[in-house]
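First up is the structure itself, then whatever we jot down about it.
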Amino acid sequence: MRFVEHLPHETRQEDHVTITMSDGVRLSARIWRPTTSDTDPVPAVVECIPYRKNDLTSTRDAIHHPYIAGHGYACVRVDLRGTGESEGVLLDEYLDQEQRDAECVLAWVAAQPWCDGNTGMMGISWGAFAALQTAARQPESLKAIVIASFTDNRYADDMHYLGGAMLSDNLAEAGTMFAYATCPPDPGVVGERWRDMWRERLEAARPWVLEWLRHPHRDAYWRHASLDEDYARLRCPVLASSGWADGYSNAVTRLLANVDVPRRGLIGPWSHKLPHLGEPGPAIGYLQEVVKWWDHWLKGIDNGAMDGPMLRTWMQESVPPSTSYEERPGRWVAEPSWPSPQIEEVVHPLRGSVIMTADDEEPAPRARTRTVRSPLSVGQFAGKWASYNAPPDLPYDQREEDGGSLVYETEPLAERLEILGSPSVDLEVSASAPVAQVTARISDVAPDGRATRVTYGVLNLTHWESDEHPRPLEPGRRCRVRVPLNGVAQAFPPGHRVRLSLSTSYWPLVWPAPEPVLLTVHEDGGALTLPVRPTEEPDGMPQADFGEPEGCRPPPVTRLTEPEQAWNVSRSLVDYHSALDIVKDRGMQRYEENGIEVGLRAVEKYTSVADDFSSPSGRSAWTMRFSRPGWDVRVETSTVLTSNADAFTVDATLDGYEDGRRVFSRTWNETVPRDLA
């Protein structure tokens, strides 16, 4: 990244500005704005997230908020209610209270003498959710949004219930927020009130996974703040981005296809990162794109921000399987609209173990079936639902996974194949149990046999007709199902094969069904549909369309202890115990701008024994420490999730320490019925 030392506007920074909500709770904001805004008001850009502006996101914030402010905007970074230096408590994600708070913040910002009354919202992940959900409420001052790594479907396209099947990230994210929502405010900012504010957070805390387990179907809980309930609610322009390695790879194209507002989409090869910090690379000059967007929609400058294609995306070239890539080879391609008129949905029938092409001769009709009952080990090399690229967390070589799967394959490709969009698999199946799941994976198989997963999808078969009203399967009864796979842009070279793999488990990425299932796949009607982009189509944009990544230089951070990263798969052939151990330890760091020292260590562990479907267990444990002279506190959380055929069990602990002495402790031991999960 190129750090920009000189910007069009000189700026000032205010580290702790309080904004009072309608119920009297005060939120803490950091504000960057041009010094001239005292007499010459400017538009404002707001970001609302729970990840602590004073320390944990301060480096990231310092790269892009001063950069945008230096181009003539007031940037307002707000700690959500109950996080950082904001008062109150944070009880769950995306509550109505959060959106009402955001509306209050926008109204306050628009009324300030340094603001000209026009506002935008931006963010990645939670911040993008906040911007999209607030925009759907149509606050008066909000004129445009910029969002990255988001979804419009909280139930099935977030880290909860993919295809109605519960993701292990349901536990991991709950563990993350169990820790973040119980961290103390900084006494250097809020003064002696910090202890009372911290105690209020600790007393109100509860493992969020309990609430998420109680809603295994798409009900009013998930419909709230899901834009796909009514796309017409979004009435302001949107610049939307994501990455193919991210869990949120579907929402950009879905938004482009369904909203009726000025819109642009951008999808790179990235994991869960902002595009100017994108990993795997190439990262791009995203902040220049953002400033251009704000200039057009908040300042009314005719700068061509809406010229060109609706979607720009990175067409990924074939690569060997790896859990991490520094860069993904490929090229930028563009589509003038979405759905694109040049993408052809090509149907490939499944016959025997073959993915057929349009040129293949249909075999004589005959009733054929294939069966699969996957071991729990299928999925150990699946990687994370949403890659963060630290520790390396992308899927590894799929050959071992395919050993426990049904496999269909093309002949070696005679010519290059490119796909852009969301593949799908149509199947006619019957299952041996009332609750079953199927995972479908597409891999790029090289001539030497190595298999790189390209995309995948999951379906809890009890949801084959409805996420709102799933029904138990009748064992042995046939049903026709469609399994949508995550969107992707991928090229397959000549000589490679396209492989489709079907499995009945994908642990630990997906929590297993209550019991092992024998799935019968009936050949009638089985097909793989690929969104094919003709290779002779022009790319639609020059390769140098994006500038070099740039931003402002962040303040120094001193590393006090070494970080640790681990992603270890282990198996015992004595007791058949298998485990995935993940460690993400940032080490202790001192933020030199304010002197606060922060340590963060997260550990996840997923275990199972042989093919005992009552044995899977997941644990998410966090330690977060904050200190400066005269102040030393830490929070320790642990959430353990287990299950049997009938229920989930949650065992959780929360401990708060001050100066090495435990000052708060609470445990939870609760069960939640599975209800077809």
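Naming scheme: A, B, ... for chains in displayed order of the structure tokens; residues 1 onward per chain; ligands 1 onward as shown.
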
Quick one: which range 345-424 of chain A residues come within 12 Å of range 583-601 of chain A, and what is the nearest atom pair for each with the distance in Å to one decimal, counting only C-alpha atoms, rows ordered by chain and ascending number, as JSON lines?
{"residue": "A:Tyr388", "atom": "CA", "partner": "A:Lys584", "partner_atom": "CA", "distance": 10.7}
{"residue": "A:Asn389", "atom": "CA", "partner": "A:Lys584", "partner_atom": "CA", "distance": 11.0}
{"residue": "A:Ala390", "atom": "CA", "partner": "A:Lys584", "partner_atom": "CA", "distance": 7.5}
{"residue": "A:Pro391", "atom": "CA", "partner": "A:Lys584", "partner_atom": "CA", "distance": 6.7}
{"residue": "A:Pro392", "atom": "CA", "partner": "A:Lys584", "partner_atom": "CA", "distance": 10.4}
{"residue": "A:Asp393", "atom": "CA", "partner": "A:Val583", "partner_atom": "CA", "distance": 11.2}

For Leu277 in chain A, work out the shell of residues within 12 Å, counting only C-alpha atoms and skipping chain neighbours fewer than 4 positions away, then give it as an NGL selection string. :A and (1-2 or 60 or 63-64 or 124 or 243 or 268-273 or 281-287 or 388-389 or 548-551)

Selection above as a file: N, CA and C atoms, as a tab-separated table (two decimals), in the first residue's frame:
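What landed in result-v9.tsv:
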chain	number	residue	atom	x	y	z
A	1	MET	N	0.84	-1.20	0.00
A	1	MET	CA	0.00	0.00	0.00
A	1	MET	C	0.87	1.24	0.00
A	2	ARG	N	0.44	2.22	-0.76
A	2	ARG	CA	1.14	3.51	-0.79
A	2	ARG	C	0.47	4.45	0.20
A	60	ARG	N	-6.72	0.17	11.38
A	60	ARG	CA	-7.49	0.12	10.15
A	60	ARG	C	-8.23	1.43	9.92
A	63	ILE	N	-6.25	4.30	8.45
A	63	ILE	CA	-5.86	4.21	7.04
A	63	ILE	C	-6.90	4.88	6.15
A	64	HIS	N	-8.19	4.60	6.40
A	64	HIS	CA	-9.16	5.10	5.43
A	64	HIS	C	-10.00	6.29	5.87
A	124	ILE	N	-17.41	-2.62	6.38
A	124	ILE	CA	-17.24	-4.00	5.98
A	124	ILE	C	-17.85	-4.87	7.06
A	243	GLY	N	-15.44	-10.64	-1.81
A	243	GLY	CA	-14.36	-11.44	-2.38
A	243	GLY	C	-14.79	-12.87	-2.57
A	268	GLY	N	-13.54	-9.23	-5.90
A	268	GLY	CA	-12.16	-9.60	-6.17
A	268	GLY	C	-11.86	-10.99	-5.67
A	269	PRO	N	-10.59	-11.37	-5.63
A	269	PRO	CA	-10.21	-12.71	-5.15
A	269	PRO	C	-10.09	-12.78	-3.63
A	270	TRP	N	-10.54	-11.75	-2.93
A	270	TRP	CA	-10.18	-11.53	-1.54
A	270	TRP	C	-10.92	-12.43	-0.55
A	271	SER	N	-10.33	-12.52	0.63
A	271	SER	CA	-11.00	-13.09	1.79
A	271	SER	C	-11.81	-11.98	2.45
A	272	HIS	N	-12.07	-12.09	3.75
A	272	HIS	CA	-12.93	-11.13	4.45
A	272	HIS	C	-12.13	-9.85	4.76
A	273	LYS	N	-11.81	-9.12	3.70
A	273	LYS	CA	-10.96	-7.94	3.82
A	273	LYS	C	-11.52	-6.83	2.93
A	281	GLY	N	-4.17	-11.31	-2.93
A	281	GLY	CA	-4.14	-10.19	-3.84
A	281	GLY	C	-4.60	-10.59	-5.22
A	282	PRO	N	-4.71	-9.62	-6.12
A	282	PRO	CA	-4.23	-8.25	-5.95
A	282	PRO	C	-5.22	-7.34	-5.22
A	283	ALA	N	-4.68	-6.58	-4.26
A	283	ALA	CA	-5.46	-5.49	-3.67
A	283	ALA	C	-5.56	-4.36	-4.70
A	284	ILE	N	-6.54	-3.48	-4.50
A	284	ILE	CA	-6.77	-2.42	-5.50
A	284	ILE	C	-6.89	-1.07	-4.80
A	285	GLY	N	-6.90	-0.02	-5.62
A	285	GLY	CA	-7.10	1.34	-5.11
A	285	GLY	C	-8.56	1.59	-4.78
A	286	TYR	N	-9.04	0.89	-3.79
A	286	TYR	CA	-10.47	0.94	-3.42
A	286	TYR	C	-10.87	2.29	-2.88
A	287	LEU	N	-10.02	2.91	-2.06
A	287	LEU	CA	-10.40	4.19	-1.46
A	287	LEU	C	-10.58	5.27	-2.51
A	388	TYR	N	-10.42	-15.57	6.54
A	388	TYR	CA	-9.77	-14.34	6.99
A	388	TYR	C	-8.29	-14.34	6.60
A	389	ASN	N	-7.84	-15.45	6.00
A	389	ASN	CA	-6.47	-15.59	5.52
A	389	ASN	C	-5.45	-15.51	6.65
A	548	GLU	N	-3.36	1.99	-7.72
A	548	GLU	CA	-2.61	1.32	-6.67
A	548	GLU	C	-3.31	1.53	-5.32
A	549	PRO	N	-3.33	0.50	-4.44
A	549	PRO	CA	-3.92	0.70	-3.11
A	549	PRO	C	-3.21	1.84	-2.38
A	550	GLU	N	-3.99	2.74	-1.81
A	550	GLU	CA	-3.41	3.83	-1.05
A	550	GLU	C	-4.31	4.19	0.11
A	551	GLY	N	-3.72	4.86	1.09
A	551	GLY	CA	-4.44	5.30	2.28
A	551	GLY	C	-3.51	6.14	3.12

Would you list the contacts of range 452-454 of chain A as a list in words, taking every protein, DNA or RNA residue within 8 Å and counting only C-alpha atoms, but skipping same-chain residues closer than 5 positions in sequence?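 Surrounding residues, per the criterion: Val319, Pro320, Pro321, Ser322, Pro395, Tyr396, Asp397, Gln398, Arg441, Ile442, Ser443, Asp444, Val445, Val488 and Gln490 of chain A.
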
For Val17 in chain A, the nearest of the candidates A:Gly660, A:Asp96, A:Val4, A:Val189, counting only C-alpha atoms: A:Val189

For Asn118 in chain A, find every residue with an atom within 12 Å (counting only C-alpha atoms), except residues of its own chain fewer than 3 positions away, and show them as a ChimeraX atom specification. /A:41-46,73-74,106-112,114-115,121,139-145,294-295,297-300
